[in-house]
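Pasting upload.cif here (mmCIF, C-alpha atoms):
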data_data
loop_
_atom_site.label_atom_id
_atom_site.label_comp_id
_atom_site.auth_asym_id
_atom_site.auth_seq_id
_atom_site.Cartn_x
_atom_site.Cartn_y
_atom_site.Cartn_z
CA MET A 413 -14.30 58.81 48.91
CA VAL A 414 -17.12 57.23 46.92
CA GLU A 415 -20.61 57.21 48.39
CA PHE A 416 -23.26 54.55 47.72
CA LYS A 417 -26.93 54.63 48.71
CA ALA A 418 -29.05 51.54 49.38
CA LYS A 419 -32.64 50.99 50.47
CA VAL A 420 -33.43 49.17 53.69
CA GLY A 421 -35.84 46.28 53.15
CA PRO A 422 -38.77 45.34 55.41
CA LYS A 423 -36.53 43.00 57.44
CA GLY A 424 -33.83 45.64 57.90
CA GLN A 425 -31.64 44.12 55.19
CA VAL A 426 -29.36 46.22 53.00
CA VAL A 427 -27.50 44.98 49.92
CA ILE A 428 -23.82 45.95 49.96
CA PRO A 429 -23.04 47.37 46.50
CA LYS A 430 -21.04 45.01 44.27
CA PRO A 431 -18.04 47.31 43.83
CA LEU A 432 -17.60 47.39 47.61
CA ARG A 433 -18.08 43.63 47.97
CA ASP A 434 -15.44 43.07 45.31
CA GLU A 435 -13.01 45.63 46.76
CA TYR A 436 -13.19 44.25 50.31
CA GLY A 437 -13.63 40.56 49.55
CA ILE A 438 -17.09 40.28 51.09
CA GLU A 439 -18.66 37.01 49.98
CA PRO A 440 -22.07 35.41 50.57
CA LYS A 441 -22.39 34.31 54.21
CA GLY A 442 -19.40 36.53 55.01
CA ILE A 443 -19.22 38.73 58.09
CA VAL A 444 -19.30 42.52 58.33
CA VAL A 445 -19.01 44.63 61.48
CA PHE A 446 -21.36 47.52 62.32
CA ARG A 447 -20.02 50.25 64.62
CA GLU A 448 -21.94 53.16 66.04
CA GLY A 449 -20.01 56.42 66.30
CA LYS A 450 -20.45 60.17 66.57
CA ASP A 451 -21.09 60.54 62.84
CA GLY A 452 -23.41 57.52 62.47
CA ILE A 453 -22.90 53.87 61.61
CA THR A 454 -19.85 52.46 59.88
CA VAL A 455 -19.65 49.07 58.21
CA SER A 456 -16.32 47.28 57.93
CA THR A 457 -14.82 43.87 57.45
CA PRO A 458 -13.68 42.17 60.66
CA LYS A 459 -10.03 42.28 61.62
CA THR A 460 -8.57 38.80 61.48
CA GLY A 461 -5.95 37.88 63.99
CA ALA A 462 -3.94 34.76 64.64
CA VAL A 463 -6.73 33.12 66.66
CA GLU A 464 -9.30 33.57 63.91
CA ALA A 465 -6.85 32.30 61.28
CA PHE A 466 -6.04 29.24 63.40
CA ARG A 467 -9.71 28.56 64.04
CA GLU A 468 -10.50 28.73 60.32
CA ILE A 469 -7.71 26.28 59.51
CA ALA A 470 -8.45 23.98 62.47
CA PHE A 471 -12.15 23.67 61.70
CA SER A 472 -11.89 23.55 57.91
CA GLY A 473 -12.35 19.77 57.94
CA LYS A 474 -9.26 19.17 55.83
CA ALA A 475 -7.16 16.22 56.93
CA ARG A 476 -3.44 16.58 57.49
CA ARG A 477 -1.27 15.01 54.85
CA LYS A 478 0.97 13.16 57.26
CA TYR A 479 0.17 11.91 60.76
CA ASP A 480 2.55 13.30 63.38
CA HIS A 481 2.17 12.23 67.03
CA ASN A 482 3.75 15.48 68.27
CA MET A 483 1.35 17.62 66.28
CA ASP A 484 -1.58 15.57 67.58
CA TYR A 485 -0.59 16.30 71.19
CA PHE A 486 -0.10 19.96 70.38
CA GLY A 487 -3.51 20.11 68.73
CA GLU A 488 -5.18 18.54 71.76
CA ALA A 489 -3.44 21.00 74.10
CA VAL A 490 -4.60 23.95 72.01
CA MET A 491 -8.16 22.63 71.87
CA GLU A 492 -8.20 22.25 75.68
CA ARG A 493 -7.04 25.84 76.10
CA MET A 494 -9.67 27.07 73.67
CA LYS A 495 -12.40 25.22 75.58
CA LYS A 496 -11.22 26.71 78.89
CA ALA A 497 -11.29 30.18 77.31
CA GLY A 498 -14.87 29.58 76.15
CA LEU A 499 -13.96 29.38 72.45
CA LYS A 500 -15.36 26.76 70.12
#
As structure tokens:
Amino acid sequence: MVEFKAKVGPKGQVVIPKPLRDEYGIEPKGIVVFREGKDGITVSTPKTGAVEAFREIAFSGKARRKYDHNMDYFGEAVMERMKKAGLK
């Protein structure tokens, strides 16, 4: 296990060392998760599940190549369910 040290800035900001950003695919405006445990704080990348993957694709702003009436209905049904569940 490699250990890195970083200073905390006046606003509480810490720069994640480049080797770790590269290794874990952390990009500018990316998300990291902080967890408090017995031994201190851990920083990790978020676990992505099917919902997060769908949301990323759905809200990417890319148009579908071919219009399909069945897919449009399906998309509306999914969006309704997401709204009811309190998801954007």
Subject >> Two-atom distance - atom CA of Lys430 of chain A, atom CA of Gly452 of chain A (Å) >> reply: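 Going from atom CA of Lys430 of chain A over to atom CA of Gly452 of chain A, I get 22.2 Å.
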**OP:** For atom CA of Glu464 of chain A and atom CA of Arg447 of chain A, determine how far apart the two atoms are, in Å to one decimal place.
**Re:** 19.8 Å
Original post:
With distances taken over all atoms listed in the file, which of A:Val414, A:Ala489, A:Met494, A:Val444 is nearest to Arg467 of chain A?
Top reply: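 Distance minimum relative to Arg467 of chain A lands on A:Met494.
Distance-wise, atom CA of Pro431 of chain A and atom CA of Ala462 of chain A end up 28.1 Å apart.
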**OP:** Pull out every residue that the PyMOL selection byres ((chain A and resi 458) around 6) matches in the shown coordinates and put them as an MDAnalysis selection string.
**Re:** chainID A and resid 445 457 459
**OP:** Please evaluate the PyMOL selection byres ((chain A and resi 442) around 12) against the displayed coordinates and give the resulting residues as a ChimeraX atom specification.
**Re:** /A:428,433,436-441,443-445,456-458
Original post:
Quick one: of A:Val490, A:Val420, A:Leu432, A:Leu499, who's nearest to Val455 of chain A, counting only C-alpha atoms?
Top reply: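 Between A:Val490, A:Val420, A:Leu432, A:Leu499, the residue approaching Val455 of chain A most closely is A:Leu432.
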